[in-house]
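Scroll down for the structure; my scribbles are underneath it.
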Number of protein chains: 2
Amino acid sequence: MPGIATMTQAESVEKIIGRLRMCGIKPTQQRVQIATVLFSRPQHLSADQVLEQVTALGERVSKATIYNTLSLFSRKHLIREVIVDPSKVFYDSTTLPHHHFYNIDTGALTDLEAIDVDLASLPVLPPGMIVDGVDVIVRVRRASEHAGD
Amino acid sequence: MPGIATMTQAESVEKIIGRLRMCGIKPTQQRVQIATVLFSRPQHLSADQVLEQVTALGERVSKATIYNTLSLFSRKHLIREVIVDPSKVFYDSTTLPHHHFYNIDTGALTDLEAIDVDLASLPVLPPGMIVDGVDVIVRVRRASEHAGD
DNA sequence: CTGCTTGCAAAGGCTTTGCAGAACA
DNA sequence: TGTTCTGCAAAGCCTTTGCAAGCAG
């Protein structure tokens, strides 16, 4: 165990393993490391940032595995993909329903829980279709920013 | 003027030029062609689809120009970028406020106007920040679809 | 005419893939 | 021990960029 292990709740490794198993995910070493980073606290991370943080923990996981694992976790609803920009996919470690602020200027993504989306007013879905999720992204920017070029 | 000009309201070319000028966009031939495609009816098109439709009109516009122009139009708020998937950016020719259904299975994007987003409940924004836009994407899929792998 | 635009093709960034070796049950 | 996962590197896709030639006002 690396010396910096105490920087996150490394002691909850067992909990993380349980969580993975509960979702039908085989808890390999890399997956546990990635999950440890994701669940150390609620946050939004890009694939690259996940890689950086795993590396910062003194572990080595390949980029391919990062992508595969994040994709697997999303598919299993362990985390949620938040798409704010064509080339900026974040993985949100909080699966509780909430929405997001996206700061266009800085690229920062923050949580937003006080917004109401009236799902009751949804039109009737085509037969056999179900709602998989609702994403609300409030894009904000500096007021003084130039809107055009 | 190509013979297929009547397939869309080619007669509104002047209106389109006016619209571009009103937004401070120099109405070049390519831009008018692209705008003609976009505004022929309310729709959501990817860059590639715009290129296809322009080509279908018998015109030739380079891919680079398609990208540059769509980006310019968005920046000038003539159209709106809708990001539903990391590699699926649509350009919405309807700028009236509305939201979207995204069919995960088929990739189809459709309009949705009956949803209420209670913007009044937005938390206070940091000073100097303004809301640039609110995107609501309701992701739907076939009920029988397998959720995991 | 002068500057902005276009087009081509190459470069760029992020993500996926194929296959051999390693790890897990 | 068999299957699944990992890592590397190459390939892939979409988008952006640089530069010379062309169009708009």
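Note on naming: chains are A, B, ... as they come in the structure tokens, residues start from 1 per chain, ligands start from 1 in the order shown.
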Residues of chain B within 12 Å of chain C, counting only C-alpha atoms (C1' of nucleotides), what are they? List them as a PyMOL selection string.
chain B and resi 25-31+60-69+86-87
Both chains have the same sequence, so match all Cα atoms in order, fit chain A onto chain B by least squares, and return it as a PDB file with C-alpha atoms, in the first residue's frame.
```pdb
ATOM      1  CA  MET A   1     -29.644  27.747 -60.336  1.00  0.00           C
ATOM      2  CA  PRO A   2     -29.864  23.944 -60.121  1.00  0.00           C
ATOM      3  CA  GLY A   3     -32.996  22.236 -61.260  1.00  0.00           C
ATOM      4  CA  ILE A   4     -33.879  20.936 -57.821  1.00  0.00           C
ATOM      5  CA  ALA A   5     -34.058  24.437 -56.454  1.00  0.00           C
ATOM      6  CA  THR A   6     -37.774  24.180 -55.868  1.00  0.00           C
ATOM      7  CA  MET A   7     -37.390  21.449 -53.307  1.00  0.00           C
ATOM      8  CA  THR A   8     -36.884  24.081 -50.645  1.00  0.00           C
ATOM      9  CA  GLN A   9     -37.960  27.690 -50.535  1.00  0.00           C
ATOM     10  CA  ALA A  10     -35.114  28.776 -52.760  1.00  0.00           C
ATOM     11  CA  GLU A  11     -37.051  31.985 -53.274  1.00  0.00           C
ATOM     12  CA  SER A  12     -36.287  33.051 -49.735  1.00  0.00           C
ATOM     13  CA  VAL A  13     -32.613  33.490 -50.465  1.00  0.00           C
ATOM     14  CA  GLU A  14     -33.040  37.181 -49.957  1.00  0.00           C
ATOM     15  CA  LYS A  15     -34.571  36.607 -46.572  1.00  0.00           C
ATOM     16  CA  ILE A  16     -31.705  34.366 -45.634  1.00  0.00           C
ATOM     17  CA  ILE A  17     -29.202  36.957 -46.714  1.00  0.00           C
ATOM     18  CA  GLY A  18     -31.003  39.515 -44.615  1.00  0.00           C
ATOM     19  CA  ARG A  19     -30.957  37.194 -41.672  1.00  0.00           C
ATOM     20  CA  LEU A  20     -27.228  36.665 -41.980  1.00  0.00           C
ATOM     21  CA  ARG A  21     -26.563  40.376 -42.323  1.00  0.00           C
ATOM     22  CA  MET A  22     -28.722  41.039 -39.288  1.00  0.00           C
ATOM     23  CA  CYS A  23     -26.392  38.850 -37.282  1.00  0.00           C
ATOM     24  CA  GLY A  24     -23.310  40.529 -38.624  1.00  0.00           C
ATOM     25  CA  ILE A  25     -22.445  37.646 -40.910  1.00  0.00           C
ATOM     26  CA  LYS A  26     -21.164  38.384 -44.374  1.00  0.00           C
ATOM     27  CA  PRO A  27     -23.465  36.432 -46.694  1.00  0.00           C
ATOM     28  CA  THR A  28     -21.059  34.526 -48.864  1.00  0.00           C
ATOM     29  CA  GLN A  29     -22.320  31.969 -51.320  1.00  0.00           C
ATOM     30  CA  GLN A  30     -21.404  29.023 -49.098  1.00  0.00           C
ATOM     31  CA  ARG A  31     -22.923  30.539 -46.000  1.00  0.00           C
ATOM     32  CA  VAL A  32     -26.136  31.216 -47.840  1.00  0.00           C
ATOM     33  CA  GLN A  33     -26.221  27.650 -49.083  1.00  0.00           C
ATOM     34  CA  ILE A  34     -25.640  26.282 -45.617  1.00  0.00           C
ATOM     35  CA  ALA A  35     -28.226  28.596 -44.115  1.00  0.00           C
ATOM     36  CA  THR A  36     -30.667  27.590 -46.814  1.00  0.00           C
ATOM     37  CA  VAL A  37     -30.326  23.979 -45.789  1.00  0.00           C
ATOM     38  CA  LEU A  38     -30.611  24.762 -42.098  1.00  0.00           C
ATOM     39  CA  PHE A  39     -33.629  27.016 -42.428  1.00  0.00           C
ATOM     40  CA  SER A  40     -35.523  25.086 -45.061  1.00  0.00           C
ATOM     41  CA  ARG A  41     -37.395  23.651 -42.100  1.00  0.00           C
ATOM     42  CA  PRO A  42     -36.838  23.211 -38.374  1.00  0.00           C
ATOM     43  CA  GLN A  43     -34.397  20.352 -37.987  1.00  0.00           C
ATOM     44  CA  HIS A  44     -31.395  18.961 -36.211  1.00  0.00           C
ATOM     45  CA  LEU A  45     -28.410  18.236 -38.393  1.00  0.00           C
ATOM     46  CA  SER A  46     -24.866  17.109 -37.780  1.00  0.00           C
ATOM     47  CA  ALA A  47     -22.029  18.763 -39.660  1.00  0.00           C
ATOM     48  CA  ASP A  48     -21.929  15.796 -41.985  1.00  0.00           C
ATOM     49  CA  GLN A  49     -25.634  15.903 -42.631  1.00  0.00           C
ATOM     50  CA  VAL A  50     -25.411  19.576 -43.473  1.00  0.00           C
ATOM     51  CA  LEU A  51     -22.674  18.748 -45.935  1.00  0.00           C
ATOM     52  CA  GLU A  52     -24.784  15.996 -47.453  1.00  0.00           C
ATOM     53  CA  GLN A  53     -27.778  18.254 -47.879  1.00  0.00           C
ATOM     54  CA  VAL A  54     -25.748  21.056 -49.371  1.00  0.00           C
ATOM     55  CA  THR A  55     -24.256  18.554 -51.770  1.00  0.00           C
ATOM     56  CA  ALA A  56     -27.724  17.228 -52.535  1.00  0.00           C
ATOM     57  CA  LEU A  57     -28.666  20.726 -53.617  1.00  0.00           C
ATOM     58  CA  GLY A  58     -25.988  20.406 -56.244  1.00  0.00           C
ATOM     59  CA  GLU A  59     -23.565  22.709 -54.509  1.00  0.00           C
ATOM     60  CA  ARG A  60     -20.032  21.972 -53.416  1.00  0.00           C
ATOM     61  CA  VAL A  61     -18.842  23.231 -50.056  1.00  0.00           C
ATOM     62  CA  SER A  62     -15.761  21.910 -48.315  1.00  0.00           C
ATOM     63  CA  LYS A  63     -15.944  20.152 -45.013  1.00  0.00           C
ATOM     64  CA  ALA A  64     -13.745  22.805 -43.427  1.00  0.00           C
ATOM     65  CA  THR A  65     -16.169  25.495 -44.478  1.00  0.00           C
ATOM     66  CA  ILE A  66     -19.088  23.523 -43.107  1.00  0.00           C
ATOM     67  CA  TYR A  67     -17.416  23.336 -39.716  1.00  0.00           C
ATOM     68  CA  ASN A  68     -16.310  26.938 -39.747  1.00  0.00           C
ATOM     69  CA  THR A  69     -19.720  28.151 -40.795  1.00  0.00           C
ATOM     70  CA  LEU A  70     -21.688  26.099 -38.288  1.00  0.00           C
ATOM     71  CA  SER A  71     -19.385  27.313 -35.586  1.00  0.00           C
ATOM     72  CA  LEU A  72     -19.843  30.903 -36.738  1.00  0.00           C
ATOM     73  CA  PHE A  73     -23.615  30.558 -36.890  1.00  0.00           C
ATOM     74  CA  SER A  74     -23.701  29.147 -33.359  1.00  0.00           C
ATOM     75  CA  ARG A  75     -21.504  31.871 -32.057  1.00  0.00           C
ATOM     76  CA  LYS A  76     -23.845  34.416 -33.587  1.00  0.00           C
ATOM     77  CA  HIS A  77     -26.863  32.606 -32.137  1.00  0.00           C
ATOM     78  CA  LEU A  78     -28.336  31.936 -35.535  1.00  0.00           C
ATOM     79  CA  ILE A  79     -28.536  28.253 -34.692  1.00  0.00           C
ATOM     80  CA  ARG A  80     -28.007  26.258 -31.540  1.00  0.00           C
ATOM     81  CA  GLU A  81     -25.577  23.480 -30.801  1.00  0.00           C
ATOM     82  CA  VAL A  82     -27.209  20.480 -29.164  1.00  0.00           C
ATOM     83  CA  ILE A  83     -24.784  18.044 -27.624  1.00  0.00           C
ATOM     84  CA  VAL A  84     -26.260  14.650 -26.945  1.00  0.00           C
ATOM     85  CA  ASP A  85     -23.309  12.380 -27.353  1.00  0.00           C
ATOM     86  CA  PRO A  86     -19.572  12.936 -27.331  1.00  0.00           C
ATOM     87  CA  SER A  87     -19.444  12.392 -31.045  1.00  0.00           C
ATOM     88  CA  LYS A  88     -22.895  13.602 -31.976  1.00  0.00           C
ATOM     89  CA  VAL A  89     -23.267  17.350 -32.148  1.00  0.00           C
ATOM     90  CA  PHE A  90     -26.437  18.553 -33.774  1.00  0.00           C
ATOM     91  CA  TYR A  91     -27.176  22.018 -34.999  1.00  0.00           C
ATOM     92  CA  ASP A  92     -30.704  23.050 -34.302  1.00  0.00           C
ATOM     93  CA  SER A  93     -32.161  25.541 -36.723  1.00  0.00           C
ATOM     94  CA  THR A  94     -34.883  26.501 -34.280  1.00  0.00           C
ATOM     95  CA  THR A  95     -33.700  29.082 -31.813  1.00  0.00           C
ATOM     96  CA  LEU A  96     -37.010  29.338 -29.986  1.00  0.00           C
ATOM     97  CA  PRO A  97     -36.684  27.964 -26.466  1.00  0.00           C
ATOM     98  CA  HIS A  98     -37.408  24.273 -26.420  1.00  0.00           C
ATOM     99  CA  HIS A  99     -35.827  21.075 -25.287  1.00  0.00           C
ATOM    100  CA  HIS A 100     -35.082  17.654 -26.703  1.00  0.00           C
ATOM    101  CA  PHE A 101     -35.776  13.989 -26.736  1.00  0.00           C
ATOM    102  CA  TYR A 102     -32.793  11.899 -27.615  1.00  0.00           C
ATOM    103  CA  ASN A 103     -33.423   8.354 -28.653  1.00  0.00           C
ATOM    104  CA  ILE A 104     -30.431   6.413 -27.431  1.00  0.00           C
ATOM    105  CA  ASP A 105     -31.165   3.466 -29.672  1.00  0.00           C
ATOM    106  CA  THR A 106     -31.602   5.260 -32.950  1.00  0.00           C
ATOM    107  CA  GLY A 107     -29.717   8.491 -32.368  1.00  0.00           C
ATOM    108  CA  ALA A 108     -32.812  10.460 -33.336  1.00  0.00           C
ATOM    109  CA  LEU A 109     -33.222  13.887 -31.814  1.00  0.00           C
ATOM    110  CA  THR A 110     -36.681  15.389 -31.618  1.00  0.00           C
ATOM    111  CA  ASP A 111     -38.177  18.520 -30.192  1.00  0.00           C
ATOM    112  CA  LEU A 112     -39.942  18.665 -26.916  1.00  0.00           C
ATOM    113  CA  GLU A 113     -41.802  21.744 -25.915  1.00  0.00           C
ATOM    114  CA  ALA A 114     -44.089  20.591 -23.171  1.00  0.00           C
ATOM    115  CA  ILE A 115     -41.533  20.371 -20.424  1.00  0.00           C
ATOM    116  CA  ASP A 116     -41.341  22.955 -17.699  1.00  0.00           C
ATOM    117  CA  VAL A 117     -38.059  23.951 -16.225  1.00  0.00           C
ATOM    118  CA  ASP A 118     -38.507  26.130 -13.230  1.00  0.00           C
ATOM    119  CA  LEU A 119     -35.734  28.597 -13.757  1.00  0.00           C
ATOM    120  CA  ALA A 120     -37.033  30.698 -10.909  1.00  0.00           C
ATOM    121  CA  SER A 121     -35.691  28.070  -8.581  1.00  0.00           C
ATOM    122  CA  LEU A 122     -32.132  28.489  -9.802  1.00  0.00           C
ATOM    123  CA  PRO A 123     -29.730  29.107  -6.983  1.00  0.00           C
ATOM    124  CA  VAL A 124     -28.090  32.497  -6.937  1.00  0.00           C
ATOM    125  CA  LEU A 125     -25.389  32.642  -9.556  1.00  0.00           C
ATOM    126  CA  PRO A 126     -21.916  33.748  -8.572  1.00  0.00           C
ATOM    127  CA  PRO A 127     -21.593  37.510  -9.046  1.00  0.00           C
ATOM    128  CA  GLY A 128     -20.929  38.551 -12.617  1.00  0.00           C
ATOM    129  CA  MET A 129     -22.198  35.293 -14.042  1.00  0.00           C
ATOM    130  CA  ILE A 130     -25.173  34.993 -16.324  1.00  0.00           C
ATOM    131  CA  VAL A 131     -27.123  32.101 -17.733  1.00  0.00           C
ATOM    132  CA  ASP A 132     -26.201  31.540 -21.331  1.00  0.00           C
ATOM    133  CA  GLY A 133     -28.730  28.806 -21.937  1.00  0.00           C
ATOM    134  CA  VAL A 134     -30.453  25.821 -20.441  1.00  0.00           C
ATOM    135  CA  ASP A 135     -30.323  22.477 -22.157  1.00  0.00           C
ATOM    136  CA  VAL A 136     -32.743  19.781 -21.224  1.00  0.00           C
ATOM    137  CA  ILE A 137     -32.252  16.422 -22.845  1.00  0.00           C
ATOM    138  CA  VAL A 138     -34.624  13.597 -22.110  1.00  0.00           C
ATOM    139  CA  ARG A 139     -32.911  10.377 -23.046  1.00  0.00           C
ATOM    140  CA  VAL A 140     -35.322   7.671 -24.072  1.00  0.00           C
ATOM    141  CA  ARG A 141     -34.876   4.101 -25.195  1.00  0.00           C
ATOM    142  CA  ARG A 142     -36.814   0.971 -25.956  1.00  0.00           C
ATOM    143  CA  ALA A 143     -38.255  -0.499 -22.785  1.00  0.00           C
ATOM    144  CA  SER A 144     -37.112  -3.974 -23.690  1.00  0.00           C
ATOM    145  CA  GLU A 145     -33.562  -2.908 -24.257  1.00  0.00           C
ATOM    146  CA  HIS A 146     -30.966  -4.448 -21.997  1.00  0.00           C
ATOM    147  CA  ALA A 147     -29.593  -1.837 -19.675  1.00  0.00           C
ATOM    148  CA  GLY A 148     -26.262  -3.480 -19.019  1.00  0.00           C
ATOM    149  CA  ASP A 149     -24.032  -5.626 -21.173  1.00  0.00           C
TER     150      ASP A 149
END
```
Would you list, as an MDAnalysis selection string, the residues of region 18-131 of chain A that end up in strand (DSSP E or B) under DSSP run on this structure's backbone?
chainID A and resid 44:45 80:85 88:92 99:103 109:112 116:118 129:131
Output C-alpha atoms of each residue in that selection to a file, as a PDB file, in the first residue's frame.
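Result written to part_39.pdb:
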```
ATOM      1  CA  HIS A  44     -16.938  15.209 -12.005  1.00  0.00           C
ATOM      2  CA  LEU A  45     -13.891  13.840 -13.748  1.00  0.00           C
ATOM      3  CA  ARG A  80     -23.148   8.878 -14.814  1.00  0.00           C
ATOM      4  CA  GLU A  81     -21.809  10.341 -18.014  1.00  0.00           C
ATOM      5  CA  VAL A  82     -22.328  14.084 -18.263  1.00  0.00           C
ATOM      6  CA  ILE A  83     -21.821  15.494 -21.718  1.00  0.00           C
ATOM      7  CA  VAL A  84     -21.309  19.220 -21.782  1.00  0.00           C
ATOM      8  CA  ASP A  85     -19.076  19.687 -24.754  1.00  0.00           C
ATOM      9  CA  LYS A  88     -15.600  17.126 -22.655  1.00  0.00           C
ATOM     10  CA  VAL A  89     -17.244  14.081 -21.159  1.00  0.00           C
ATOM     11  CA  PHE A  90     -17.347  14.024 -17.401  1.00  0.00           C
ATOM     12  CA  TYR A  91     -18.084  11.077 -15.203  1.00  0.00           C
ATOM     13  CA  ASP A  92     -20.176  12.001 -12.242  1.00  0.00           C
ATOM     14  CA  HIS A  99     -28.412  18.595 -12.579  1.00  0.00           C
ATOM     15  CA  HIS A 100     -25.463  20.735 -13.576  1.00  0.00           C
ATOM     16  CA  PHE A 101     -23.998  24.132 -14.058  1.00  0.00           C
ATOM     17  CA  TYR A 102     -21.440  24.295 -16.790  1.00  0.00           C
ATOM     18  CA  ASN A 103     -19.161  27.269 -16.836  1.00  0.00           C
ATOM     19  CA  LEU A 109     -18.913  21.592 -13.946  1.00  0.00           C
ATOM     20  CA  THR A 110     -20.773  21.940 -10.679  1.00  0.00           C
ATOM     21  CA  ASP A 111     -23.821  20.387  -9.139  1.00  0.00           C
ATOM     22  CA  LEU A 112     -27.172  22.012  -9.088  1.00  0.00           C
ATOM     23  CA  ASP A 116     -37.284  21.699 -10.804  1.00  0.00           C
ATOM     24  CA  VAL A 117     -38.006  19.806 -13.940  1.00  0.00           C
ATOM     25  CA  ASP A 118     -41.641  19.038 -14.272  1.00  0.00           C
ATOM     26  CA  MET A 129     -40.247   3.713 -24.939  1.00  0.00           C
ATOM     27  CA  ILE A 130     -39.065   4.645 -21.492  1.00  0.00           C
ATOM     28  CA  VAL A 131     -37.157   7.556 -20.066  1.00  0.00           C
TER      29      VAL A 131
END
```
Can you list, as a VMD selection string, all residues belonging to chain A that DSSP tags as alpha helix (DSSP H)?
chain A and resid 13 to 22 29 to 39 47 to 56 63 to 75
Kindly provide the residues of chain D that approach chain B to within 9 Å, each paired with its closest atom pair and their distance in Å to one decimal, based on only C-alpha atoms (C1' of nucleotides), listed by chain and increasing number, as a tab-separated table.
```
residue	atom	partner	partner_atom	distance
D:DC13	C1'	B:Ser87	CA	8.4
D:DC14	C1'	B:Ser87	CA	7.2
D:DT15	C1'	B:Tyr67	CA	7.7
D:DT16	C1'	B:Ala64	CA	8.3
D:DC23	C1'	B:Thr28	CA	8.1
D:DA24	C1'	B:Thr28	CA	7.3
```
Selected residues written out, N, CA, C and O atoms (P, O5', C5', C4', C3', O3' and C1' of nucleotides), as a compact mmCIF listing (two decimals), in the first residue's frame:
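Saved the output as again03.txt:
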```
# COMPACT_ATOMS: atom_id res chain seq x y z
P DC D 13 -13.61 5.15 -39.11
O5' DC D 13 -13.99 6.40 -38.20
C5' DC D 13 -14.52 6.21 -36.90
C4' DC D 13 -14.82 7.56 -36.30
C3' DC D 13 -15.27 8.59 -37.33
O3' DC D 13 -16.48 9.20 -36.89
C1' DC D 13 -13.42 9.43 -36.09
P DC D 14 -17.28 10.16 -37.84
O5' DC D 14 -16.92 11.57 -37.18
C5' DC D 14 -17.23 11.76 -35.80
C4' DC D 14 -16.50 12.98 -35.29
C3' DC D 14 -16.86 14.29 -36.00
O3' DC D 14 -17.20 15.24 -35.01
C1' DC D 14 -14.52 14.02 -35.90
P DT D 15 -17.76 16.65 -35.45
O5' DT D 15 -16.46 17.54 -35.37
C5' DT D 15 -15.76 17.62 -34.13
C4' DT D 15 -14.46 18.38 -34.29
C3' DT D 15 -14.61 19.76 -34.94
O3' DT D 15 -14.21 20.72 -33.97
C1' DT D 15 -12.77 18.54 -35.85
P DT D 16 -14.13 22.27 -34.35
O5' DT D 16 -12.57 22.47 -34.67
C5' DT D 16 -11.61 21.98 -33.74
C4' DT D 16 -10.22 22.26 -34.25
C3' DT D 16 -9.98 23.70 -34.73
O3' DT D 16 -8.78 24.16 -34.13
C1' DT D 16 -9.32 22.15 -36.40
P DC D 23 -14.08 32.71 -57.69
O5' DC D 23 -14.81 33.61 -56.60
C5' DC D 23 -15.54 32.97 -55.56
C4' DC D 23 -15.93 33.98 -54.50
C3' DC D 23 -16.80 35.13 -55.01
O3' DC D 23 -17.92 35.26 -54.14
C1' DC D 23 -14.91 36.00 -53.87
P DA D 24 -19.08 36.29 -54.48
O5' DA D 24 -18.81 37.41 -53.37
C5' DA D 24 -18.84 37.02 -51.98
C4' DA D 24 -18.74 38.27 -51.12
C3' DA D 24 -19.65 39.40 -51.59
O3' DA D 24 -20.20 40.05 -50.44
C1' DA D 24 -17.38 40.09 -51.70
```
